[in-house]
Structure formats: C-alpha cells, structure tokens
$ cat target16.txt   # compact mmCIF, C-alpha atoms
# COMPACT_ATOMS: atom_id res chain seq x y z
CA MET Y 1 64.41 149.08 104.65
CA GLU Y 2 62.78 145.67 104.61
CA ASN Y 3 63.74 145.33 100.94
CA LYS Y 4 67.41 145.93 101.76
CA LEU Y 5 67.32 143.29 104.50
CA PHE Y 6 65.55 140.88 102.14
CA ASP Y 7 68.17 141.58 99.43
CA LYS Y 8 71.00 140.86 101.90
CA ILE Y 9 69.39 137.57 102.94
CA ILE Y 10 68.92 136.50 99.32
CA THR Y 11 72.51 137.48 98.43
CA GLY Y 12 73.92 135.60 101.43
CA THR Y 13 71.86 132.53 100.57
CA LEU Y 14 73.05 132.59 96.95
CA ILE Y 15 76.69 132.86 98.04
CA CYS Y 16 76.28 129.89 100.41
CA LEU Y 17 74.59 127.82 97.72
CA THR Y 18 77.33 128.65 95.25
CA LEU Y 19 79.94 127.35 97.67
CA LEU Y 20 78.00 124.22 98.63
CA ILE Y 21 76.62 123.13 95.25
CA PRO Y 22 79.82 121.62 93.77
CA SER Y 23 80.13 119.15 96.64
CA ALA Y 24 76.37 118.58 96.73
CA ILE Y 25 76.13 117.92 93.00
CA ASN Y 26 78.38 114.88 93.04
CA PRO Y 27 79.17 113.56 96.52
CA LEU Y 28 79.73 110.11 95.04
CA THR Y 29 82.90 111.24 93.28
CA ALA Y 30 84.60 112.06 96.58
CA GLN Y 31 83.37 108.79 98.09
CA ASN Y 32 84.57 106.80 95.06
CA ASP Y 33 88.02 108.41 95.24
CA LYS Y 34 88.29 107.60 98.95
CA THR Y 35 87.16 104.00 98.35
CA ALA Y 36 89.58 103.59 95.45
CA LYS Y 37 92.51 104.85 97.55
CA LYS Y 38 91.55 102.55 100.41
CA THR Y 39 91.26 99.56 98.08
CA ALA Y 40 94.64 100.33 96.46
CA HIS Y 41 96.27 100.65 99.90
CA GLU Y 42 94.75 97.35 101.06
CA GLN Y 43 95.97 95.67 97.87
CA ALA Y 44 99.51 97.00 98.43
CA VAL Y 45 99.47 95.61 102.00
CA ARG Y 46 98.14 92.26 100.74
CA THR Y 47 100.82 92.05 98.03
CA LEU Y 48 103.64 92.74 100.50
CA MET Y 49 102.34 90.27 103.06
CA GLU Y 50 101.88 87.54 100.46
CA SER Y 51 105.38 88.11 99.08
CA GLY Y 52 106.93 87.62 102.52
CA LEU Y 53 109.43 90.42 101.82
CA PHE Y 54 108.58 93.42 103.97
CA ILE Y 55 109.69 95.64 106.84
CA ILE Y 56 107.70 96.73 109.88
CA SER Y 57 108.77 100.07 111.37
CA VAL Y 58 108.32 99.87 115.14
CA ASP Y 59 107.68 103.15 116.95
CA ARG Y 60 106.14 102.15 120.30
CA VAL Y 61 106.76 99.53 122.99
CA ASN Y 62 104.07 98.38 125.42
CA PRO Y 63 105.64 96.59 128.41
CA SER Y 64 103.43 94.36 130.54
CA ARG Y 65 104.17 96.67 133.51
CA GLY Y 66 104.15 100.43 133.24
CA SER Y 67 103.10 102.72 130.44
CA SER Y 68 103.87 102.50 126.76
CA ARG Y 69 106.93 104.31 125.43
CA LEU Y 70 107.66 106.02 122.16
CA LEU Y 71 110.77 104.61 120.49
CA LEU Y 72 113.15 107.04 118.87
CA PRO Y 73 114.81 106.31 116.53
CA TYR Y 74 112.39 103.88 114.99
CA TYR Y 75 113.31 100.22 115.07
CA GLN Y 76 112.55 97.60 112.43
CA MET Y 77 111.56 93.99 111.97
CA LYS Y 78 112.60 92.76 108.53
CA PHE Y 79 111.11 89.65 106.91
CA GLU Y 80 112.85 87.99 103.97
CA GLY Y 81 110.93 84.85 103.18
CA ASN Y 82 111.67 82.45 106.03
CA LYS Y 83 114.35 84.68 107.64
CA ILE Y 84 113.93 87.49 110.13
CA THR Y 85 116.22 90.29 111.25
CA THR Y 86 115.38 92.66 114.08
CA TYR Y 87 116.76 94.62 117.00
CA LEU Y 88 114.09 95.65 119.49
CA PRO Y 89 114.79 97.26 122.87
CA TYR Y 90 113.45 95.39 125.88
CA PHE Y 91 111.66 96.99 128.84
CA GLY Y 92 110.63 94.55 131.52
CA ARG Y 93 111.64 91.97 134.06
CA PHE Y 94 113.94 89.01 133.44
CA TYR Y 95 113.14 85.70 135.12
CA THR Y 96 116.60 84.38 134.29
CA ALA Y 97 119.53 86.79 134.17
CA PRO Y 98 121.21 86.98 130.75
CA ILE Y 99 124.75 85.64 130.51
CA ASP Y 100 125.93 88.75 128.67
CA ALA Y 101 124.53 91.95 130.20
CA SER Y 102 124.97 93.76 126.86
CA LYS Y 103 122.38 91.42 125.28
CA LEU Y 104 119.23 92.80 126.90
CA ALA Y 105 117.49 93.70 123.65
CA ILE Y 106 115.65 91.24 121.42
CA GLU Y 107 118.13 90.73 118.61
CA LEU Y 108 117.71 88.34 115.68
CA ASN Y 109 120.10 88.25 112.71
CA ASN Y 110 118.82 86.32 109.71
CA ASN Y 111 117.31 83.65 111.94
CA GLU Y 112 115.43 80.98 110.00
CA ILE Y 113 111.85 80.61 111.07
CA THR Y 114 108.79 78.53 110.27
CA ILE Y 115 105.82 80.85 110.02
CA VAL Y 116 102.20 79.92 110.59
CA LYS Y 117 100.29 82.37 108.39
CA ARG Y 118 96.62 83.20 108.74
CA GLU Y 119 94.45 85.81 107.10
CA LYS Y 120 91.76 87.23 109.34
CA PRO Y 121 88.68 88.25 107.34
CA LYS Y 122 88.06 92.01 107.39
CA LYS Y 123 91.05 92.52 109.73
CA GLY Y 124 94.35 91.55 108.16
CA PHE Y 125 97.10 89.00 108.64
CA LEU Y 126 98.45 87.11 111.63
CA TRP Y 127 101.89 85.51 111.46
CA SER Y 128 103.13 83.35 114.32
CA PHE Y 129 106.61 81.90 114.73
CA LYS Y 130 109.12 80.78 117.35
CA VAL Y 131 112.84 81.43 117.58
CA THR Y 132 115.55 80.14 119.91
CA THR Y 133 118.34 82.67 120.46
CA SER Y 134 122.06 81.98 120.88
CA GLU Y 135 121.53 82.41 124.66
CA ASN Y 136 119.07 79.48 124.52
CA GLU Y 137 116.06 81.73 125.09
CA SER Y 138 112.84 80.66 123.42
CA LEU Y 139 110.86 83.56 121.91
CA SER Y 140 107.35 83.29 120.53
CA PHE Y 141 106.11 86.05 118.19
CA ASP Y 142 102.61 86.96 116.99
CA VAL Y 143 102.79 89.61 114.27
CA GLU Y 144 99.46 91.11 113.24
CA VAL Y 145 99.20 93.46 110.26
CA THR Y 146 95.87 95.09 109.44
CA TYR Y 147 94.75 95.92 105.91
CA SER Y 148 95.40 99.58 106.72
CA GLY Y 149 99.09 98.75 107.39
CA TYR Y 150 99.08 99.04 111.19
CA ALA Y 151 101.26 96.36 112.82
CA SER Y 152 101.46 94.92 116.32
CA ILE Y 153 104.10 92.47 117.53
CA ASN Y 154 103.50 90.41 120.68
CA VAL Y 155 106.55 88.71 122.16
CA ASN Y 156 106.49 85.94 124.76
CA SER Y 157 109.76 84.68 126.21
CA SER Y 158 110.95 81.73 128.26
CA SER Y 159 113.13 83.97 130.44
CA ARG Y 160 111.47 87.41 130.61
CA GLU Y 161 108.12 89.16 130.82
CA SER Y 162 106.07 89.43 127.67
CA LEU Y 163 105.63 92.74 125.89
CA SER Y 164 104.32 94.12 122.64
CA TYR Y 165 105.43 96.59 120.01
CA SER Y 166 103.41 98.61 117.53
CA GLY Y 167 104.20 100.32 114.28
CA GLU Y 168 103.43 100.28 110.57
CA LEU Y 169 104.18 98.22 107.53
CA GLN Y 170 106.58 100.07 105.23
CA LEU Y 171 105.03 100.44 101.79
CA GLN Y 172 107.83 100.92 99.25
$ encode --input "target16.txt" --output "structure tokens"
Amino acid sequence: MENKLFDKIITGTLICLTLLIPSAINPLTAQNDKTAKKTAHEQAVRTLMESGLFIISVDRVNPSRGSSRLLLPYYQMKFEGNKITTYLPYFGRFYTAPIDASKLAIELNNNEITIVKREKPKKGFLWSFKVTTSENESLSFDVEVTYSGYASINVNSSSRESLSYSGELQLQ
C-alpha cells in the first residue's frame, strides 16, 4: 500500500515538473519578449510625439468639484504641427457667463498655438500652450503623455473652473 502511495506521489511530481519545466528552462525569453514589446511601444509613442501629428482619445473628465465621469462617446484632441482641434465637454462652474449658452464646451477649430515642449526623463512628454477663444476666453493647457501612451490634459481658464481630462494616445 505504501508503494502505491509512493508511486502516486512520484507520478504527480513528474506531471507537475513536466508542466513547469518549459517556463523554468528559459524564463529570459518571456522577459526579453515583454521588454522588446515595451521598447517598441515607447518608440512608437516617442515618434508620434516628436512628429507633432497625433490624436489623443479622451475618455474621462475630472472636474475640480465632484467625481470624475466617463465620457461616451470618446472625444478627441487632434494635434497637427502648430494647430489644434478639439471639442471637449465642460463640467464645472463659470465665473463669467458665456455670451452664447450653446458654447459651454471647450471647442477649438484649427487654432494656431505656440507649444512649449519638454521631455520628462523616465516619464514622458509635457506640452504646454495657451489659446484665446472667439469669446475672448484665455485657456491654458498642459498635455502630458507618458511613454506607455497614457495622456492627461489639464485646462485652466480665465472664466471658469479648471478641470482635467484623461485618455490615451492613438497609435496608428
């Protein structure tokens, strides 16, 4: 009886070893593949950011008051060199009432901008720029894109509360 128990233990151990040995033989291959994919992704993000032609898909808004909200459908911020196009919903308090009540969102259509670009070591990119809208509102943007492609957009305004958006860089 002890021999049968011993045989079962040996058989079970051999089965476990058979399943575990392929990953134990060469764990570096899996690590190298993961590192190579991460490096390729970071390089794609770097290439897009350096080209200045990219789109950020925005899926969440974080007002200064209240909780964050998921945005459906997704919104976008499109950069084309020194021009920006975006339509982002606004949730917050106005200090100065807008002239046109239908213009509550942050809307920019091919506005020319001067961008201050910085690369943050081990983090990503930070782009800062200012825009004056047709309603004479001054908007200040800080767009941060990490090497992993995560993006956050902080907006400060001369006539409303600040807020931020988050999303991802679209990799074509």
$ atom_distance --input "target16.txt" --atom1 "atom CA of Asp142 of chain Y" --atom2 "atom CA of Asn154 of chain Y"
5.1 Å
$ residues_around --input "target16.txt" --residues "Thr86 of chain Y" --least-positions-apart "4" --cutoff "8 Å" --atoms "all atoms listed in the file" --output "PDB file with C-alpha atoms, in the coordinates of the input"
ATOM      1  CA  TYR Y  75     113.310 100.220 115.070  1.00  0.00           C
ATOM      2  CA  GLN Y  76     112.550  97.600 112.430  1.00  0.00           C
ATOM      3  CA  MET Y  77     111.560  93.990 111.970  1.00  0.00           C
ATOM      4  CA  LYS Y  78     112.600  92.760 108.530  1.00  0.00           C
ATOM      5  CA  ILE Y 106     115.650  91.240 121.420  1.00  0.00           C
ATOM      6  CA  GLU Y 107     118.130  90.730 118.610  1.00  0.00           C
ATOM      7  CA  LEU Y 108     117.710  88.340 115.680  1.00  0.00           C
ATOM      8  CA  ASN Y 109     120.100  88.250 112.710  1.00  0.00           C
TER       9      ASN Y 109
END
$ atom_distance --input "target16.txt" --atom1 "atom CA of Asp59 of chain Y" --atom2 "atom CA of Pro121 of chain Y"
26.0 Å
$ atom_distance --input "target16.txt" --atom1 "atom CA of Ser159 of chain Y" --atom2 "atom CA of Phe94 of chain Y"
5.9 Å
$ closest_residue --input "target16.txt" --among "Y:Ser164, Y:Leu169, Y:Lys83, Y:Ala44" --to "Ser68 of chain Y" --atoms "only C-alpha atoms"
Y:Ser164
$ closest_residue --input "target16.txt" --among "Y:Lys34, Y:Leu171, Y:Glu112, Y:Ile56" --to "Leu88 of chain Y" --atoms "all atoms listed in the file"
Y:Ile56
$ residues_near_point --input "target16.txt" --point "(104.8, 102.5, 127.1)" --cutoff "10 Å" --atoms "all atoms listed in the file" --output "list of chain:residue names"
Y:Arg60, Y:Val61, Y:Asn62, Y:Pro63, Y:Ser64, Y:Arg65, Y:Gly66, Y:Ser67, Y:Ser68, Y:Arg69, Y:Leu70, Y:Leu71, Y:Phe91, Y:Leu163, Y:Ser164, Y:Tyr165
$ write_last_selection --input "target16.txt" --atoms "C-alpha atoms" --output "mmCIF file, keeping the file's coordinate frame"
data_model
loop_
_atom_site.group_PDB
_atom_site.id
_atom_site.type_symbol
_atom_site.label_atom_id
_atom_site.label_comp_id
_atom_site.auth_asym_id
_atom_site.auth_seq_id
_atom_site.Cartn_x
_atom_site.Cartn_y
_atom_site.Cartn_z
ATOM 1 C CA ARG Y 60 106.140 102.150 120.300
ATOM 2 C CA VAL Y 61 106.760 99.530 122.990
ATOM 3 C CA ASN Y 62 104.070 98.380 125.420
ATOM 4 C CA PRO Y 63 105.640 96.590 128.410
ATOM 5 C CA SER Y 64 103.430 94.360 130.540
ATOM 6 C CA ARG Y 65 104.170 96.670 133.510
ATOM 7 C CA GLY Y 66 104.150 100.430 133.240
ATOM 8 C CA SER Y 67 103.100 102.720 130.440
ATOM 9 C CA SER Y 68 103.870 102.500 126.760
ATOM 10 C CA ARG Y 69 106.930 104.310 125.430
ATOM 11 C CA LEU Y 70 107.660 106.020 122.160
ATOM 12 C CA LEU Y 71 110.770 104.610 120.490
ATOM 13 C CA PHE Y 91 111.660 96.990 128.840
ATOM 14 C CA LEU Y 163 105.630 92.740 125.890
ATOM 15 C CA SER Y 164 104.320 94.120 122.640
ATOM 16 C CA TYR Y 165 105.430 96.590 120.010
#
$ closest_residue --input "target16.txt" --among "Y:Ala105, Y:Val45, Y:Val145, Y:Ala97" --to "Lys120 of chain Y" --atoms "all atoms listed in the file"
Y:Val145
$ residues_around --input "target16.txt" --residues "Ser166 of chain Y" --least-positions-apart "2" --cutoff "6 Å" --atoms "all atoms listed in the file" --output "list in words"
Val58, Arg60, Ala151 and Ser152 of chain Y
$ closest_residue --input "target16.txt" --among "Y:Tyr74, Y:Phe141, Y:Tyr147, Y:Tyr87" --to "Lys123 of chain Y" --atoms "all atoms listed in the file"
Y:Tyr147
